[in-house]
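In what follows, a structure is listed as structure tokens, so that the remarks can point back to it.
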Amino acid sequence: NLQDNLDAAFKNLSGDGKLTEINVATSVKAIRRALVDADVNYKIAKSFTDKVKEEALGKRNVLKSVRPGDLMVKIVQDELVELMGGQSVGINIKANPGIVLIAGLQGSGKTTFTGKLSRHLKNKRNKKVMVIACDVYRPAAINQLAVVAEQVGVDIYKEMDNKNPVEIALNGIAEAKKGKYDVVIVDTAGRLAVDEEMMTEIAAVKEAIQPTETLFVVDSMTGQDAVNTAKAFNDRINYDGVVLTKLDGDTRGGAALSIKYTVGKPIKFISMGEKMDTLDIFHPDRMAQRILGMGDIISLVEKAQEDFDEKEAKRLEKKIRKNQFDFNDFLKQLAQIRKMGNLKSLIGMIPGMGKIAKDIDIDDNAFNKIEAIILSMTPEERGNPGVINGSRKKRIAKGSGNRVEEINQFLRQFEQMRKMMFQMSKMQAGGGNMRMPN
Ligand code: GDP
Ligand code: MG
């Protein structure tokens, strides 16, 4: 997969003392192949690696102290972030009510996403939300939205006998104005493939309701097709942003990398499951880290904190801010994660664990190993990781049934994670752009 292939491309450099025309060319070629294998269009992959090459050759003499492999990872990561749009972009719901129109093919995940977004706006941003059922072709679709709305606790506007989505949408919005709703989300019908009738209909709805935000929902598992569909919809309805769904599945990641470049519209949300509790705002930098196998510890921390009780979260935040997060805290987090379920997607977010999550059938083994290592530490070591020296490592390795290298690897990952969390907390404290604007 993409992550492994990129990994291999970087490993090629690890024996070399510096970047040269030759080793840069070799790794750039491997990177390009990895991208194409992951369903990234060849033209995009080529322009991407051309940039990486230029950067690498330009920087090699400036940053002499950095190891070639590390420098290359850094350059690729920066370029990936750029390729995916640089920054995360929020949605516009500034109106009374804000109107969000949801478009996309049948089965892409529109109704599911409508539920997730409703829940997010209601719970996290205190909005009064109404959803409007405009998929008029299948009665089951209206019922599905009703179930979802009930689940997340928002109101629904529906007309079982009306087959005109434009009318329903307008009637719903009129109701929403009367009821002083902050946001309405209009769930529409899709077809199995791009077709004229669907496009005409969605364009008519858009024209009539003048949404503040139009989101196009696409299944990431459809690879290159996802990009083509994204383009077809954008040509016709000029949407504001993309929702990439089913990233919890076995996707190759190509869609995430290509959409911004091809369509020029940002990915705003990603969806990683059928349950209503997993709406993720798309962060290009986190996605790049994930692709490079560094894991997405930041998302993990966010997710964990949702389930934490307030006090614990506050205490932890303080420790992170002082860069004092230790193994006791980590152990607590692991326990927390176990409670939350969906281990596979969660494990994939821990630095260095992305591969394990993909390759083995996840049971609790991966966690057991980490837990065993931590439990083999003395309380002093857990609270103060800095004291762990060579002889302590040997003892911990023995106690937990691992090799010393494995202990080293784990300690490195932990340090990396701690650093990232520390940096994150500084950004948040500084009022950085970690929250959705608006
Ligand atoms: P719609 O036809 O566009 O409204 O799509 P639905 O919301 O009905 O979703 C179609 C199917 O995909 C349903 O079985 C959903 O449970 C499933 N689904 C939607 N989003 C996700 C996701 O992010 N991950 C996974 N695994 N399944 C999803
Ligand atoms: Mg639907």
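Every chain in the structure tokens has a letter given in the order shown (A, B, ...), and although residue numbers restart at 1 in each chain, ligands are simply numbered from 1 in the order shown.
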Throw together the list of residues within 10 Å of ligand 2, counting only C-alpha atoms and all ligand atoms, and drop it here as number ranges by chain. A: 102-114, 133-136, 138, 140-145, 187-190
Shell around segment 224-231 of chain A at 8 Å using only C-alpha atoms, local window under 2 positions removed, as an mmCIF file with N, CA and C atoms, in the first residue's frame:
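What follows is the written file selection-v7.cif:
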data_model
loop_
_atom_site.group_PDB
_atom_site.id
_atom_site.type_symbol
_atom_site.label_atom_id
_atom_site.label_comp_id
_atom_site.auth_asym_id
_atom_site.auth_seq_id
_atom_site.Cartn_x
_atom_site.Cartn_y
_atom_site.Cartn_z
ATOM 1 N N ASP A 39 -3.668 4.957 -6.839
ATOM 2 C CA ASP A 39 -4.770 5.539 -7.612
ATOM 3 C C ASP A 39 -4.656 7.037 -7.824
ATOM 4 N N VAL A 40 -3.460 7.573 -7.622
ATOM 5 C CA VAL A 40 -3.277 8.976 -7.954
ATOM 6 C C VAL A 40 -2.995 9.038 -9.454
ATOM 7 N N ASN A 41 -3.673 9.937 -10.132
ATOM 8 C CA ASN A 41 -3.496 10.125 -11.557
ATOM 9 C C ASN A 41 -2.024 10.416 -11.900
ATOM 10 N N VAL A 194 -23.362 9.137 -12.636
ATOM 11 C CA VAL A 194 -23.672 10.511 -13.021
ATOM 12 C C VAL A 194 -24.678 10.480 -14.161
ATOM 13 N N PHE A 216 -20.318 18.226 -1.598
ATOM 14 C CA PHE A 216 -20.394 17.051 -2.456
ATOM 15 C C PHE A 216 -19.807 15.858 -1.708
ATOM 16 N N VAL A 218 -18.530 11.977 -1.512
ATOM 17 C CA VAL A 218 -18.023 10.941 -2.423
ATOM 18 C C VAL A 218 -17.336 9.809 -1.657
ATOM 19 N N ASP A 219 -17.562 8.609 -2.166
ATOM 20 C CA ASP A 219 -17.025 7.392 -1.563
ATOM 21 C C ASP A 219 -15.555 7.246 -1.959
ATOM 22 N N SER A 220 -14.668 7.305 -0.969
ATOM 23 C CA SER A 220 -13.231 7.266 -1.278
ATOM 24 C C SER A 220 -12.800 5.922 -1.849
ATOM 25 N N MET A 221 -13.618 4.903 -1.635
ATOM 26 C CA MET A 221 -13.221 3.579 -2.094
ATOM 27 C C MET A 221 -13.333 3.435 -3.612
ATOM 28 N N THR A 222 -13.955 4.402 -4.259
ATOM 29 C CA THR A 222 -14.095 4.287 -5.713
ATOM 30 C C THR A 222 -12.888 4.836 -6.467
ATOM 31 N N PHE A 233 -19.653 16.683 -10.975
ATOM 32 C CA PHE A 233 -20.588 17.426 -10.124
ATOM 33 C C PHE A 233 -20.178 18.896 -10.035
ATOM 34 N N ASN A 234 -18.894 19.121 -9.902
ATOM 35 C CA ASN A 234 -18.452 20.507 -9.737
ATOM 36 C C ASN A 234 -18.716 21.322 -11.004
ATOM 37 N N ASP A 235 -18.495 20.701 -12.160
ATOM 38 C CA ASP A 235 -18.756 21.399 -13.418
ATOM 39 C C ASP A 235 -20.205 21.849 -13.471
ATOM 40 N N GLY A 254 -5.863 7.544 -2.825
ATOM 41 C CA GLY A 254 -5.642 8.376 -4.004
ATOM 42 C C GLY A 254 -6.619 9.527 -4.129
ATOM 43 N N ALA A 255 -7.866 9.280 -3.782
ATOM 44 C CA ALA A 255 -8.890 10.318 -3.932
ATOM 45 C C ALA A 255 -8.558 11.532 -3.073
ATOM 46 N N SER A 258 -5.931 13.570 -4.794
ATOM 47 C CA SER A 258 -6.131 14.126 -6.136
ATOM 48 C C SER A 258 -7.235 15.164 -6.244
ATOM 49 N N ILE A 259 -8.201 15.132 -5.339
ATOM 50 C CA ILE A 259 -9.402 15.936 -5.542
ATOM 51 C C ILE A 259 -9.119 17.436 -5.569
ATOM 52 N N THR A 262 -7.360 18.345 -8.795
ATOM 53 C CA THR A 262 -8.144 18.173 -10.022
ATOM 54 C C THR A 262 -9.339 19.112 -10.079
ATOM 55 N N VAL A 263 -10.026 19.251 -8.967
ATOM 56 C CA VAL A 263 -11.284 19.991 -8.980
ATOM 57 C C VAL A 263 -11.103 21.421 -8.462
#
Could you give me, as a count of residues only, the residues within 10 Å of Ile270 of chain A, counting only C-alpha atoms and dropping anything in the same chain fewer than 4 positions from it? 19
Option closest in space to ligand 1, from A:Asn402, A:Ser391, A:Asn5, A:Ser271 [counting only C-alpha atoms and all ligand atoms]: A:Ser271
For each of A:Met287, A:Ala232, A:Ala372, A:Ile75, take the minimum atom-to-atom distance to Asp50 of chain A, counting only C-alpha atoms, then give the residue where this is smallest.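 Ranking A:Met287, A:Ala232, A:Ala372, A:Ile75 by distance to Asp50 of chain A, first place goes to A:Ile75.
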Test item: residues at most 12 Å from Lys74 of chain A, only C-alpha atoms, excluding those fewer than 3 positions along its chain, as a ChimeraX atom specification: /A:10,52,55-56,59,63,66-71,77-81,285,288-289,292,294
Based on DSSP run over this structure's backbone, return all residues of segment 53-264 of chain A in alpha helix (DSSP H), as number ranges by chain. A: 53-59, 68-83, 110-125, 139-152, 165-178, 196-209, 224-237, 254-263
Please report the interatomic distance between atom CA of Asp155 of chain A and atom CA of Leu170 of chain A in Å with one decimal.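 Atom CA of Leu170 of chain A lies at a distance of 16.0 Å from atom CA of Asp155 of chain A.
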